[in-house]
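Engineer: Dumping the structure here so I can ask a few things about it.
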Amino acid sequence: KLQFLYFIVTVLAYNCQQRPMDEKRPRDDSPDSAHHTALLKRLKYEAGVNSCTYGGKRKGKVDTLGSFLMERFSYFDEAEWKRRINKGMLTIMENDEATTWDSTLKGGQKIVLETLREEEPYVDLTYAVLSRNTIPETEAIAIEKNGNIPITQSGKYKKNTLYFELLDTLQEPVWPVHRLDKETSGCIVFATSEESAGKLSEIIRCGNLEKEYNAVLIGNLTKEITVEERIGPAWKERPADYCSDCPAMKRIRQIVTPNGKPCKTIFTPIKYHGGLTLAKVRIQQGRTHQIRVHAEHIGMPILGDKVYGHGTDSESQSLRWIKEQDPMDTPYGIVTRHLLHSSRMKFNFGWEITSDPKPYFTKFPCCMPLFINDPEQVTKPVTVPTEDS
């Protein structure tokens with residue numbers, strides 16, 4: 001026994017001499033390394049499946065998988081959810097029994113939904129790489145997105161997202177650090193390391209990022225306007241207006257309310273013509289739908305906005321536009337998206353990114369005069385057309 005113990009101590013001492021305890025093997029992060037491949041595979045899996053955690057009983061109510069899906073994810077009807085469960089596309093994690101429509105849920109259980117990309121609604125998968133930042137701890141890539149693709153998972157979109165497409169085509173790990181709405185075009189940043197994602201997110205949270213947008217507003221904006229009204233969820237302020245007939249709108253819509261979060265939006269006119277204004281928009285903070293809510297508040301909603309600018313009486317129509325992906329038939333012609341563009345971002349460490357809204361806005365004929373250099377069009381307001389005109 002003593003000889004065996006002596007042998008073990010000798011081996012350990014020899015190993016310590018060959019490689020000190022504090023010496024770390026450098027991790028190979030090259031594109032061909034096993035670590036890089038495994039990380040990319042994990043990120044693609046997580047980006048391509050939909051998962052949520054059941055919080056537990058609500059006011060004594062026992063939830064089944066079916067009742068939970070119909071209330072939380074109403075974009076499929078009962079027959080479609082049952083079909084997916086029967087095909088094995090839904091799994092309740094940490095559950096010994098087979099997953100069925102009537103499976104009883106327990107607090108903390110994770111529900112995972114596998115999706116097929118071809119079953120998801122159509123999106124435009126094109127994008128452009130604008131620039132890369134290589135400053136240590138803030139390494140990132142700037143992307144120019146179009147106006148028909150969500151950034152990350154949302155509703156029916158799981159794999160038809162910009163995040164999944166970047167992982168699939170760039171073949172390098174990236175992490176989203178901020179968001180744009182599905183129909184908002186322009187520049188957006190993805191971190192290229194997990195450490196950078198945390199650092200950049202903190203920079204954005206602390207307000208050390210200058211953000212400018214361009215928007216086409218309905219109406220003639222003749223002078224700069226600053227809006228500082230607070231914003232919060234509409235359903236908290238007007239619960240009676242958001243009944244079970246409109247559950248999706250309940251989650252989406254924000255309104256100006258004294259109980260909301262503070263924010264500031266500055267609208268500066270660049271040019272107005274034909275009842276439309278091309279404006280530069282600067283924001284502080286960055287609340288959900290901030291520009292769209294404040295544009296509605298000043299009576300100049302963004303052209304093509306399916307949620308804001310129609311009043312509460314039109315929310316069922318707004319929901320149809322959203323669910324069925326119908327373009328809006330406006331007095332200015334058919335508009336398939338809200339015309340908001342992320343045109344400039346500048347971080348406090350000096351990295352500046354710009355994107356031109358012209359190629360995205362001039363796809364719609366009504367916007368083309370806004371990009372023609374004619375001084376008379378800037379100073380001469382035009383009456384907004386009506387359905388009778």
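Residue numbering restarts at 1 for every chain of the structure tokens, chains are lettered A, B, ... in their displayed order, and ligands are numbered from 1 as they appear.
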DSSP on the backbone, helix (DSSP H, G or I) only: what residues of region 101-301 of chain A does that give? Format it as an MDAnalysis selection string.
Structural biologist: chainID A and resid 117:119 162:170 194:205 234:237 239:241 247:252 290:297
Engineer: Could you write out the selected residues, including C-alpha atoms, as a short mmCIF file (atom, residue, chain, number, x, y, z; two decimals), in the first residue's frame?
Structural biologist:
data_model
loop_
_atom_site.label_atom_id
_atom_site.label_comp_id
_atom_site.auth_asym_id
_atom_site.auth_seq_id
_atom_site.Cartn_x
_atom_site.Cartn_y
_atom_site.Cartn_z
CA ARG A 117 -38.37 25.85 -42.57
CA GLU A 118 -40.54 25.30 -45.63
CA GLU A 119 -43.69 25.47 -43.47
CA LEU A 162 -31.99 36.83 -39.96
CA TYR A 163 -30.17 35.24 -37.02
CA PHE A 164 -30.62 31.69 -38.34
CA GLU A 165 -29.74 32.77 -41.89
CA LEU A 166 -26.48 34.38 -40.70
CA LEU A 167 -25.49 31.22 -38.80
CA ASP A 168 -26.34 29.16 -41.88
CA THR A 169 -24.58 31.27 -44.54
CA LEU A 170 -21.67 32.95 -42.73
CA GLU A 194 -20.12 35.67 -26.46
CA GLU A 195 -17.95 38.08 -24.46
CA SER A 196 -18.53 40.85 -27.02
CA ALA A 197 -22.27 40.23 -26.94
CA GLY A 198 -22.35 41.01 -23.23
CA LYS A 199 -20.15 44.10 -23.60
CA LEU A 200 -22.11 45.55 -26.54
CA SER A 201 -25.45 44.87 -24.82
CA GLU A 202 -24.22 46.77 -21.77
CA ILE A 203 -23.10 49.70 -23.97
CA ILE A 204 -26.57 49.86 -25.53
CA ARG A 205 -28.33 49.58 -22.15
CA ALA A 234 -51.88 49.04 -24.09
CA TRP A 235 -53.55 46.07 -22.41
CA LYS A 236 -52.40 47.22 -18.96
CA GLU A 237 -54.03 50.62 -19.45
CA PRO A 239 -57.78 45.83 -20.45
CA ALA A 240 -61.43 46.06 -21.57
CA ASP A 241 -60.31 46.88 -25.13
CA PRO A 247 -55.07 38.06 -28.04
CA ALA A 248 -52.22 38.84 -30.46
CA MET A 249 -52.98 42.58 -30.45
CA LYS A 250 -53.00 42.43 -26.64
CA ARG A 251 -49.34 41.41 -26.67
CA ILE A 252 -48.25 43.72 -29.51
CA GLN A 290 -41.07 53.76 -29.61
CA ILE A 291 -40.86 55.61 -32.95
CA ARG A 292 -44.11 54.10 -34.23
CA VAL A 293 -46.03 54.99 -31.05
CA HIS A 294 -44.70 58.56 -30.91
CA ALA A 295 -45.39 59.06 -34.63
CA GLU A 296 -49.00 58.03 -34.03
CA HIS A 297 -49.13 60.32 -30.98
#
Engineer: Can you list, as a PyMOL selection string, every protein, DNA or RNA residue that comes within 6 Å of region 208-225 of chain A when you count only C-alpha atoms, leaving out same-chain residues fewer than 4 positions away?
Structural biologist: chain A and resi 203-204+266-269+272+275-282+300-303+339-348
Engineer: Could you give me, as a PyMOL selection string, the residues within 7 Å of region 121-136 of chain A, counting only C-alpha atoms and dropping anything in the same chain fewer than 2 positions from it?
Structural biologist: chain A and resi 119+138-146+148-149+160
Engineer: For N, CA, C and O atoms, I'd like the residues from the last selection saved as a compact mmCIF listing (two decimals), in the first residue's frame.
Structural biologist:
# COMPACT_ATOMS: atom_id res chain seq x y z
N GLU A 119 -42.33 25.24 -43.96
CA GLU A 119 -43.69 25.47 -43.47
C GLU A 119 -43.88 26.90 -42.96
O GLU A 119 -45.00 27.32 -42.71
N THR A 138 -15.27 43.87 -28.21
CA THR A 138 -16.46 44.40 -28.89
C THR A 138 -16.52 43.92 -30.34
O THR A 138 -17.11 44.58 -31.19
N GLU A 139 -15.89 42.78 -30.62
CA GLU A 139 -15.89 42.26 -31.99
C GLU A 139 -17.32 42.01 -32.46
O GLU A 139 -18.12 41.41 -31.75
N ALA A 140 -17.63 42.52 -33.66
CA ALA A 140 -19.00 42.42 -34.15
C ALA A 140 -19.03 42.61 -35.66
O ALA A 140 -18.06 43.04 -36.27
N ILE A 141 -20.20 42.29 -36.21
CA ILE A 141 -20.43 42.44 -37.64
C ILE A 141 -21.70 43.27 -37.82
O ILE A 141 -22.70 43.06 -37.12
N ALA A 142 -21.66 44.24 -38.74
CA ALA A 142 -22.82 45.09 -39.03
C ALA A 142 -23.50 44.57 -40.29
O ALA A 142 -22.86 44.38 -41.32
N ILE A 143 -24.80 44.36 -40.19
CA ILE A 143 -25.60 43.80 -41.28
C ILE A 143 -26.65 44.81 -41.72
O ILE A 143 -27.22 45.52 -40.90
N GLU A 144 -26.91 44.86 -43.03
CA GLU A 144 -28.04 45.64 -43.54
C GLU A 144 -29.16 44.68 -43.88
O GLU A 144 -29.02 43.83 -44.76
N LYS A 145 -30.27 44.78 -43.15
CA LYS A 145 -31.41 43.89 -43.36
C LYS A 145 -32.46 44.55 -44.23
O LYS A 145 -32.53 45.78 -44.32
N ASN A 146 -33.28 43.71 -44.85
CA ASN A 146 -34.40 44.23 -45.64
C ASN A 146 -35.63 44.39 -44.75
O ASN A 146 -35.57 44.17 -43.53
N ASN A 148 -38.45 42.62 -44.69
CA ASN A 148 -39.35 41.46 -44.60
C ASN A 148 -38.62 40.27 -44.02
O ASN A 148 -38.56 39.20 -44.63
N ILE A 149 -38.06 40.43 -42.84
CA ILE A 149 -37.45 39.29 -42.14
C ILE A 149 -37.31 39.64 -40.65
O ILE A 149 -36.82 40.71 -40.30
N ASN A 160 -36.86 30.93 -40.37
CA ASN A 160 -36.87 32.03 -41.34
C ASN A 160 -36.63 33.35 -40.62
O ASN A 160 -37.49 34.24 -40.57
Engineer: Restricting the calculation to only C-alpha atoms, which member of A:Thr354, A:Gly274, A:Lys363, A:Gly232 is positioned closest to Gly186 (chain A)?
Structural biologist: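 The answer is A:Thr354, which sits nearest to Gly186 (chain A).
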